[in-house]
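Trainee: Sending over upload-v1.pdb (PDB, C-alpha atoms, pLDDT in the B column).
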```
ATOM      1  CA  MET A1091      -4.506  47.370-100.315  1.00 89.00           C
ATOM      2  CA  LYS A1092      -8.258  46.917-100.322  1.00 95.00           C
ATOM      3  CA  LEU A1093     -10.814  47.191 -97.543  1.00 95.00           C
ATOM      4  CA  HIS A1094     -11.471  43.434 -97.454  1.00 95.00           C
ATOM      5  CA  GLU A1095      -7.744  42.764 -96.984  1.00 95.00           C
ATOM      6  CA  LEU A1096      -7.585  44.665 -93.648  1.00 95.00           C
ATOM      7  CA  LYS A1097      -7.291  42.512 -90.525  1.00 93.00           C
ATOM      8  CA  PRO A1098      -6.311  43.213 -86.920  1.00 94.00           C
ATOM      9  CA  ASN A1099      -2.759  42.644 -85.696  1.00 94.00           C
ATOM     10  CA  LYS A1100      -1.790  39.181 -84.514  1.00 93.00           C
ATOM     11  CA  GLY A1101      -2.849  38.727 -80.883  1.00 92.00           C
ATOM     12  CA  ALA A1102      -5.187  41.733 -80.913  1.00 94.00           C
ATOM     13  CA  THR A1103      -8.335  39.602 -80.967  1.00 93.00           C
ATOM     14  CA  HIS A1104      -9.281  36.357 -79.265  1.00 90.00           C
ATOM     15  CA  LYS A1105     -12.124  33.882 -79.476  1.00 89.00           C
ATOM     16  CA  LYS A1106     -15.253  34.586 -77.436  1.00 90.00           C
ATOM     17  CA  LYS A1107     -15.708  32.258 -74.445  1.00 90.00           C
ATOM     18  CA  ILE A1108     -18.821  30.144 -75.025  1.00 92.00           C
ATOM     19  CA  VAL A1109     -20.065  28.765 -71.725  1.00 91.00           C
ATOM     20  CA  GLY A1110     -22.771  26.310 -70.685  1.00 90.00           C
ATOM     21  CA  ARG A1111     -22.813  24.310 -73.907  1.00 93.00           C
ATOM     22  CA  GLY A1112     -21.840  20.876 -72.636  1.00 92.00           C
ATOM     23  CA  ILE A1113     -18.774  19.159 -71.248  1.00 90.00           C
ATOM     24  CA  GLY A1114     -17.113  18.847 -74.666  1.00 91.00           C
ATOM     25  CA  SER A1115     -16.881  22.617 -75.094  1.00 89.00           C
ATOM     26  CA  GLY A1116     -14.350  22.891 -72.277  1.00 89.00           C
ATOM     27  CA  HIS A1117     -16.638  25.376 -70.512  1.00 91.00           C
ATOM     28  CA  GLY A1118     -19.506  23.100 -69.596  1.00 89.00           C
ATOM     29  CA  LYS A1119     -20.930  21.888 -66.282  1.00 90.00           C
ATOM     30  CA  THR A1120     -20.006  24.817 -63.967  1.00 91.00           C
ATOM     31  CA  SER A1121     -19.612  27.293 -66.865  1.00 91.00           C
ATOM     32  CA  THR A1122     -16.214  28.570 -65.594  1.00 90.00           C
ATOM     33  CA  ARG A1123     -17.726  29.575 -62.224  1.00 90.00           C
ATOM     34  CA  GLY A1124     -16.039  26.862 -60.168  1.00 90.00           C
ATOM     35  CA  HIS A1125     -17.655  24.657 -57.527  1.00 92.00           C
ATOM     36  CA  LYS A1126     -19.817  26.118 -54.734  1.00 89.00           C
ATOM     37  CA  GLY A1127     -19.320  29.513 -53.168  1.00 83.00           C
ATOM     38  CA  GLN A1128     -21.120  32.824 -53.430  1.00 81.00           C
ATOM     39  CA  LYS A1129     -20.136  33.723 -56.993  1.00 82.00           C
ATOM     40  CA  SER A1130     -20.961  30.273 -58.351  1.00 87.00           C
ATOM     41  CA  ARG A1131     -24.678  30.751 -57.750  1.00 85.00           C
ATOM     42  CA  SER A1132     -26.942  33.022 -59.738  1.00 83.00           C
ATOM     43  CA  GLY A1133     -28.266  36.132 -58.024  1.00 79.00           C
ATOM     44  CA  ASP A1134     -26.014  35.788 -54.971  1.00 69.00           C
ATOM     45  CA  SER A1135     -23.134  38.031 -55.987  1.00 71.00           C
ATOM     46  CA  LYS A1136     -24.893  41.360 -55.431  1.00 79.00           C
ATOM     47  CA  LEU A1137     -22.397  42.690 -52.883  1.00 81.00           C
ATOM     48  CA  PRO A1138     -21.093  46.266 -52.934  1.00 84.00           C
ATOM     49  CA  ALA A1139     -17.655  46.815 -54.459  1.00 83.00           C
ATOM     50  CA  ARG A1140     -16.253  47.824 -51.055  1.00 85.00           C
ATOM     51  CA  PHE A1141     -17.168  44.471 -49.424  1.00 86.00           C
ATOM     52  CA  GLU A1142     -14.067  42.548 -48.346  1.00 88.00           C
ATOM     53  CA  GLY A1143     -15.459  39.125 -47.545  1.00 84.00           C
ATOM     54  CA  GLY A1144     -15.965  39.612 -43.826  1.00 87.00           C
ATOM     55  CA  GLN A1145     -12.467  41.063 -43.308  1.00 93.00           C
ATOM     56  CA  THR A1146     -12.388  44.365 -41.427  1.00 94.00           C
ATOM     57  CA  PRO A1147     -13.188  46.964 -44.114  1.00 92.00           C
ATOM     58  CA  PHE A1148     -10.443  49.314 -45.273  1.00 93.00           C
ATOM     59  CA  ILE A1149     -12.211  52.435 -43.992  1.00 90.00           C
ATOM     60  CA  MET A1150     -12.280  50.898 -40.488  1.00 93.00           C
ATOM     61  CA  ARG A1151      -8.599  49.851 -40.631  1.00 94.00           C
ATOM     62  CA  ILE A1152      -7.119  53.243 -41.480  1.00 94.00           C
ATOM     63  CA  PRO A1153      -6.410  55.746 -38.698  1.00 93.00           C
ATOM     64  CA  LYS A1154      -8.685  58.727 -38.389  1.00 91.00           C
ATOM     65  CA  ARG A1155      -7.426  62.143 -37.323  1.00 92.00           C
ATOM     66  CA  GLY A1156      -8.809  65.562 -36.749  1.00 92.00           C
ATOM     67  CA  PHE A1157     -12.279  66.877 -36.243  1.00 92.00           C
ATOM     68  CA  LYS A1158     -15.001  67.992 -38.659  1.00 89.00           C
ATOM     69  CA  ASN A1159     -17.087  70.738 -37.095  1.00 93.00           C
ATOM     70  CA  PRO A1160     -20.720  70.220 -38.215  1.00 92.00           C
ATOM     71  CA  THR A1161     -21.727  73.792 -37.297  1.00 91.00           C
ATOM     72  CA  LYS A1162     -18.801  75.580 -39.000  1.00 89.00           C
ATOM     73  CA  LEU A1163     -19.815  78.598 -41.062  1.00 88.00           C
ATOM     74  CA  GLU A1164     -18.253  78.809 -44.510  1.00 91.00           C
ATOM     75  CA  TYR A1165     -18.362  82.255 -46.085  1.00 93.00           C
ATOM     76  CA  GLU A1166     -18.574  83.206 -49.731  1.00 93.00           C
ATOM     77  CA  ILE A1167     -15.939  85.897 -50.237  1.00 95.00           C
ATOM     78  CA  VAL A1168     -16.647  89.113 -52.165  1.00 94.00           C
ATOM     79  CA  ASN A1169     -14.076  91.899 -52.529  1.00 95.00           C
ATOM     80  CA  LEU A1170     -14.799  95.609 -52.762  1.00 94.00           C
ATOM     81  CA  LYS A1171     -13.270  95.796 -56.252  1.00 94.00           C
ATOM     82  CA  ASP A1172     -15.964  93.328 -57.448  1.00 93.00           C
ATOM     83  CA  LEU A1173     -18.726  95.452 -55.890  1.00 93.00           C
ATOM     84  CA  ASP A1174     -17.267  98.556 -57.567  1.00 92.00           C
ATOM     85  CA  LYS A1175     -17.364  96.856 -60.994  1.00 92.00           C
ATOM     86  CA  LYS A1176     -20.816  95.252 -60.781  1.00 92.00           C
ATOM     87  CA  PHE A1177     -22.966  97.779 -58.887  1.00 92.00           C
ATOM     88  CA  ASN A1178     -24.095 101.348 -59.633  1.00 92.00           C
ATOM     89  CA  GLU A1179     -24.270 104.372 -57.321  1.00 92.00           C
ATOM     90  CA  ASN A1180     -26.780 104.117 -54.403  1.00 91.00           C
ATOM     91  CA  GLU A1181     -27.640 100.471 -55.183  1.00 91.00           C
ATOM     92  CA  GLU A1182     -28.354  97.988 -52.399  1.00 93.00           C
ATOM     93  CA  VAL A1183     -25.952  95.060 -52.133  1.00 93.00           C
ATOM     94  CA  ASN A1184     -27.302  91.933 -50.424  1.00 93.00           C
ATOM     95  CA  PRO A1185     -26.831  88.162 -50.879  1.00 93.00           C
ATOM     96  CA  GLN A1186     -29.744  88.042 -53.357  1.00 92.00           C
ATOM     97  CA  THR A1187     -28.352  90.812 -55.607  1.00 93.00           C
ATOM     98  CA  LEU A1188     -24.871  89.264 -55.367  1.00 93.00           C
ATOM     99  CA  LYS A1189     -26.358  85.954 -56.572  1.00 93.00           C
ATOM    100  CA  GLU A1190     -28.088  87.700 -59.491  1.00 92.00           C
ATOM    101  CA  LYS A1191     -24.797  89.344 -60.527  1.00 91.00           C
ATOM    102  CA  GLY A1192     -22.979  85.986 -60.321  1.00 92.00           C
ATOM    103  CA  LEU A1193     -20.671  86.866 -57.427  1.00 92.00           C
ATOM    104  CA  VAL A1194     -21.885  84.197 -54.947  1.00 93.00           C
ATOM    105  CA  LYS A1195     -23.796  80.921 -54.845  1.00 88.00           C
ATOM    106  CA  GLU A1196     -27.284  80.822 -53.356  1.00 78.00           C
ATOM    107  CA  GLY A1197     -27.791  80.011 -49.682  1.00 70.00           C
ATOM    108  CA  GLU A1198     -24.263  80.865 -48.623  1.00 83.00           C
ATOM    109  CA  CYS A1199     -23.096  83.285 -45.945  1.00 91.00           C
ATOM    110  CA  VAL A1200     -21.405  86.315 -47.492  1.00 95.00           C
ATOM    111  CA  LYS A1201     -18.302  88.079 -46.195  1.00 95.00           C
ATOM    112  CA  ILE A1202     -17.112  91.357 -47.698  1.00 95.00           C
ATOM    113  CA  LEU A1203     -13.339  91.838 -47.817  1.00 95.00           C
ATOM    114  CA  GLY A1204     -11.473  95.116 -48.322  1.00 94.00           C
ATOM    115  CA  ASP A1205      -9.413  94.250 -51.425  1.00 94.00           C
ATOM    116  CA  GLY A1206      -9.578  97.140 -53.916  1.00 93.00           C
ATOM    117  CA  GLN A1207     -11.168 100.578 -53.683  1.00 92.00           C
ATOM    118  CA  LEU A1208     -14.826 101.539 -53.556  1.00 91.00           C
ATOM    119  CA  THR A1209     -15.675 104.719 -55.496  1.00 92.00           C
ATOM    120  CA  LYS A1210     -19.463 104.466 -55.252  1.00 90.00           C
ATOM    121  CA  LYS A1211     -21.891 105.044 -52.417  1.00 93.00           C
ATOM    122  CA  LEU A1212     -23.513 101.643 -51.704  1.00 93.00           C
ATOM    123  CA  VAL A1213     -25.782 100.150 -49.054  1.00 94.00           C
ATOM    124  CA  VAL A1214     -24.077  96.841 -48.276  1.00 95.00           C
ATOM    125  CA  LYS A1215     -25.893  94.081 -46.345  1.00 95.00           C
ATOM    126  CA  ALA A1216     -23.845  90.963 -45.593  1.00 95.00           C
ATOM    127  CA  HIS A1217     -23.257  88.360 -42.889  1.00 95.00           C
ATOM    128  CA  ALA A1218     -19.716  89.552 -42.101  1.00 95.00           C
ATOM    129  CA  PHE A1219     -17.266  92.334 -43.001  1.00 96.00           C
ATOM    130  CA  SER A1220     -13.531  92.718 -42.623  1.00 96.00           C
ATOM    131  CA  SER A1221     -12.568  95.852 -40.714  1.00 95.00           C
ATOM    132  CA  SER A1222     -10.857  97.370 -43.787  1.00 95.00           C
ATOM    133  CA  ALA A1223     -13.943  96.740 -45.945  1.00 95.00           C
ATOM    134  CA  GLU A1224     -16.193  98.387 -43.370  1.00 95.00           C
ATOM    135  CA  GLU A1225     -13.924 101.446 -43.214  1.00 95.00           C
ATOM    136  CA  LYS A1226     -13.747 101.806 -47.016  1.00 94.00           C
ATOM    137  CA  ILE A1227     -17.528 101.490 -47.477  1.00 94.00           C
ATOM    138  CA  LEU A1228     -18.186 104.134 -44.828  1.00 94.00           C
ATOM    139  CA  ALA A1229     -15.443 106.385 -46.268  1.00 94.00           C
ATOM    140  CA  ALA A1230     -17.128 106.211 -49.694  1.00 93.00           C
ATOM    141  CA  GLY A1231     -20.377 107.434 -48.056  1.00 93.00           C
ATOM    142  CA  GLY A1232     -22.107 104.063 -48.038  1.00 93.00           C
ATOM    143  CA  GLN A1233     -23.830 102.089 -45.295  1.00 93.00           C
ATOM    144  CA  VAL A1234     -22.865  98.787 -43.654  1.00 95.00           C
ATOM    145  CA  GLU A1235     -25.521  96.434 -42.289  1.00 94.00           C
ATOM    146  CA  LYS A1236     -24.824  92.995 -40.797  1.00 95.00           C
ATOM    147  CA  ILE A1237     -27.371  90.262 -41.477  1.00 93.00           C
ATOM    148  CA  SER A1238     -27.908  87.441 -38.985  1.00 89.00           C
ATOM    149  CA  LYS A1239     -26.770  84.003 -40.088  1.00 79.00           C
TER     150      LYS A1239
END
```
Would it be possible to restate this file's structure as structure tokens?
Mentor:
Amino acid sequence: MKLHELKPNKGATHKKKIVGRGIGSGHGKTSTRGHKGQKSRSGDSKLPARFEGGQTPFIMRIPKRGFKNPTKLEYEIVNLKDLDKKFNENEEVNPQTLKEKGLVKEGECVKILGDGQLTKKLVVKAHAFSSSAEEKILAAGGQVEKISK
């Protein structure tokens, strides 16, 4: 077999539709667009994909449930075991230093949870603490300071 003998499988290709080349081509006059209507005219079919032709849109037809609280606070969670790994003795832990160490995203509220043990004395500043985390930090000789949201 040679390269020039290769051809696609039967039915895999079809002839390109040539439109607007006269009535004899089979695709003349309206160029397969049909008569009248929005999509038959040039420049008029610029509607968004979600448009349903004047019918009540899908998003308005489906039932809506629940409530989305716009003022809900979402906390970035950091465990004590992560603080123990990433920080040295007597270091200050705050949202900025946590961001630098890759533990939280910027601009988020931080909550410290008590998973793991803390063996170092740290000054921890965060928006919220679990009671177990607060106890463990103080037991290790560190300080706990709550930051306003």
Trainee: Taking the file as shown, find all residues satisfying the PyMOL selection byres ((chain A and resi 1191-1203) around 9) and write them as an mmCIF file with C-alpha atoms, in the frame of the given file.
Mentor:
```cif
data_model
loop_
_atom_site.group_PDB
_atom_site.id
_atom_site.type_symbol
_atom_site.label_atom_id
_atom_site.label_comp_id
_atom_site.auth_asym_id
_atom_site.auth_seq_id
_atom_site.Cartn_x
_atom_site.Cartn_y
_atom_site.Cartn_z
ATOM 1 C CA LEU A 1163 -19.815 78.598 -41.062
ATOM 2 C CA GLU A 1164 -18.253 78.809 -44.510
ATOM 3 C CA TYR A 1165 -18.362 82.255 -46.085
ATOM 4 C CA GLU A 1166 -18.574 83.206 -49.731
ATOM 5 C CA ILE A 1167 -15.939 85.897 -50.237
ATOM 6 C CA VAL A 1168 -16.647 89.113 -52.165
ATOM 7 C CA ASN A 1169 -14.076 91.899 -52.529
ATOM 8 C CA LEU A 1170 -14.799 95.609 -52.762
ATOM 9 C CA ASP A 1172 -15.964 93.328 -57.448
ATOM 10 C CA LEU A 1173 -18.726 95.452 -55.890
ATOM 11 C CA LYS A 1176 -20.816 95.252 -60.781
ATOM 12 C CA PHE A 1177 -22.966 97.779 -58.887
ATOM 13 C CA ASN A 1184 -27.302 91.933 -50.424
ATOM 14 C CA PRO A 1185 -26.831 88.162 -50.879
ATOM 15 C CA GLN A 1186 -29.744 88.042 -53.357
ATOM 16 C CA THR A 1187 -28.352 90.812 -55.607
ATOM 17 C CA LEU A 1188 -24.871 89.264 -55.367
ATOM 18 C CA LYS A 1189 -26.358 85.954 -56.572
ATOM 19 C CA GLU A 1190 -28.088 87.700 -59.491
ATOM 20 C CA GLY A 1204 -11.473 95.116 -48.322
ATOM 21 C CA ASP A 1205 -9.413 94.250 -51.425
ATOM 22 C CA GLY A 1206 -9.578 97.140 -53.916
ATOM 23 C CA VAL A 1214 -24.077 96.841 -48.276
ATOM 24 C CA ALA A 1216 -23.845 90.963 -45.593
ATOM 25 C CA HIS A 1217 -23.257 88.360 -42.889
ATOM 26 C CA ALA A 1218 -19.716 89.552 -42.101
ATOM 27 C CA PHE A 1219 -17.266 92.334 -43.001
ATOM 28 C CA SER A 1220 -13.531 92.718 -42.623
ATOM 29 C CA SER A 1221 -12.568 95.852 -40.714
ATOM 30 C CA SER A 1222 -10.857 97.370 -43.787
ATOM 31 C CA ALA A 1223 -13.943 96.740 -45.945
ATOM 32 C CA GLU A 1224 -16.193 98.387 -43.370
ATOM 33 C CA LYS A 1239 -26.770 84.003 -40.088
#
```
Trainee: Atom CA of A:Ser1130 to atom CA of A:Gly1143: how many Å, to one decimal?
Mentor: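 Pair atom CA of A:Ser1130 / atom CA of A:Gly1143 returns 15.0 Å.
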Trainee: If you count all atoms listed in the file, which residues fall within 8 Å of A:Val1234, apart from same-chain ones fewer than 2 positions away, as a list in words?
Mentor: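 Residues meeting the cut-off are Val1213, Val1214, Lys1215, Glu1224, Ile1227, Leu1228, Gly1232 and Lys1236 of chain A.
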Trainee: Near A:Gly1231, counting all atoms listed in the file, which residues have an atom at most 10 Å away, once you skip same-chain residues fewer than 4 positions from it, shown as a list in words?
Mentor: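 Once the adjacent positions are removed, what remains is Asn1180, Leu1208, Thr1209, Lys1210, Lys1211, Leu1212, Val1213, Lys1226 and Ile1227 of chain A.
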Trainee: Work out how far atom CA of A:Gln1128 is from atom CA of A:Arg1140, in Å to one decimal.
Mentor: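 That distance, rounded to one decimal, is 15.9 Å.
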Trainee: Using all atoms of stretch 1140-1151 of chain A that appear in the file, construct an axis-aligned enclosing box with 3 Å of padding on every side and provide its centre coordinates and edge lengths in Å, rounded to one decimal, as lines of an AutoDock Vina configuration file.
Mentor:
```
center_x = -12.9
center_y = 45.8
center_z = -45.8
size_x = 14.6
size_y = 19.3
size_z = 16.6
```
Trainee: Quick one, how far is atom CA of A:Lys1175 from atom CA of A:Glu1235?
Mentor: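 The value is 20.4 Å.
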Trainee: List as an MDAnalysis selection string the protein and nucleic acid residues near A:Gly1118, meaning an atom at most 10 Å away when only C-alpha atoms are counted, but skip any in the same chain fewer than 6 places from it.
Mentor: chainID A and resid 1108:1112
Trainee: From the options A:Ser1121, A:Ser1135, A:Gln1207, A:Thr1146, which residue's atoms come nearest to A:Asp1174, counting only C-alpha atoms?
Mentor: A:Gln1207
Trainee: With only C-alpha atoms as the basis for distance, which of A:Lys1097, A:Pro1138, A:Gln1233, A:His1125 is at the shortest distance from A:Glu1181?
Mentor: A:Gln1233
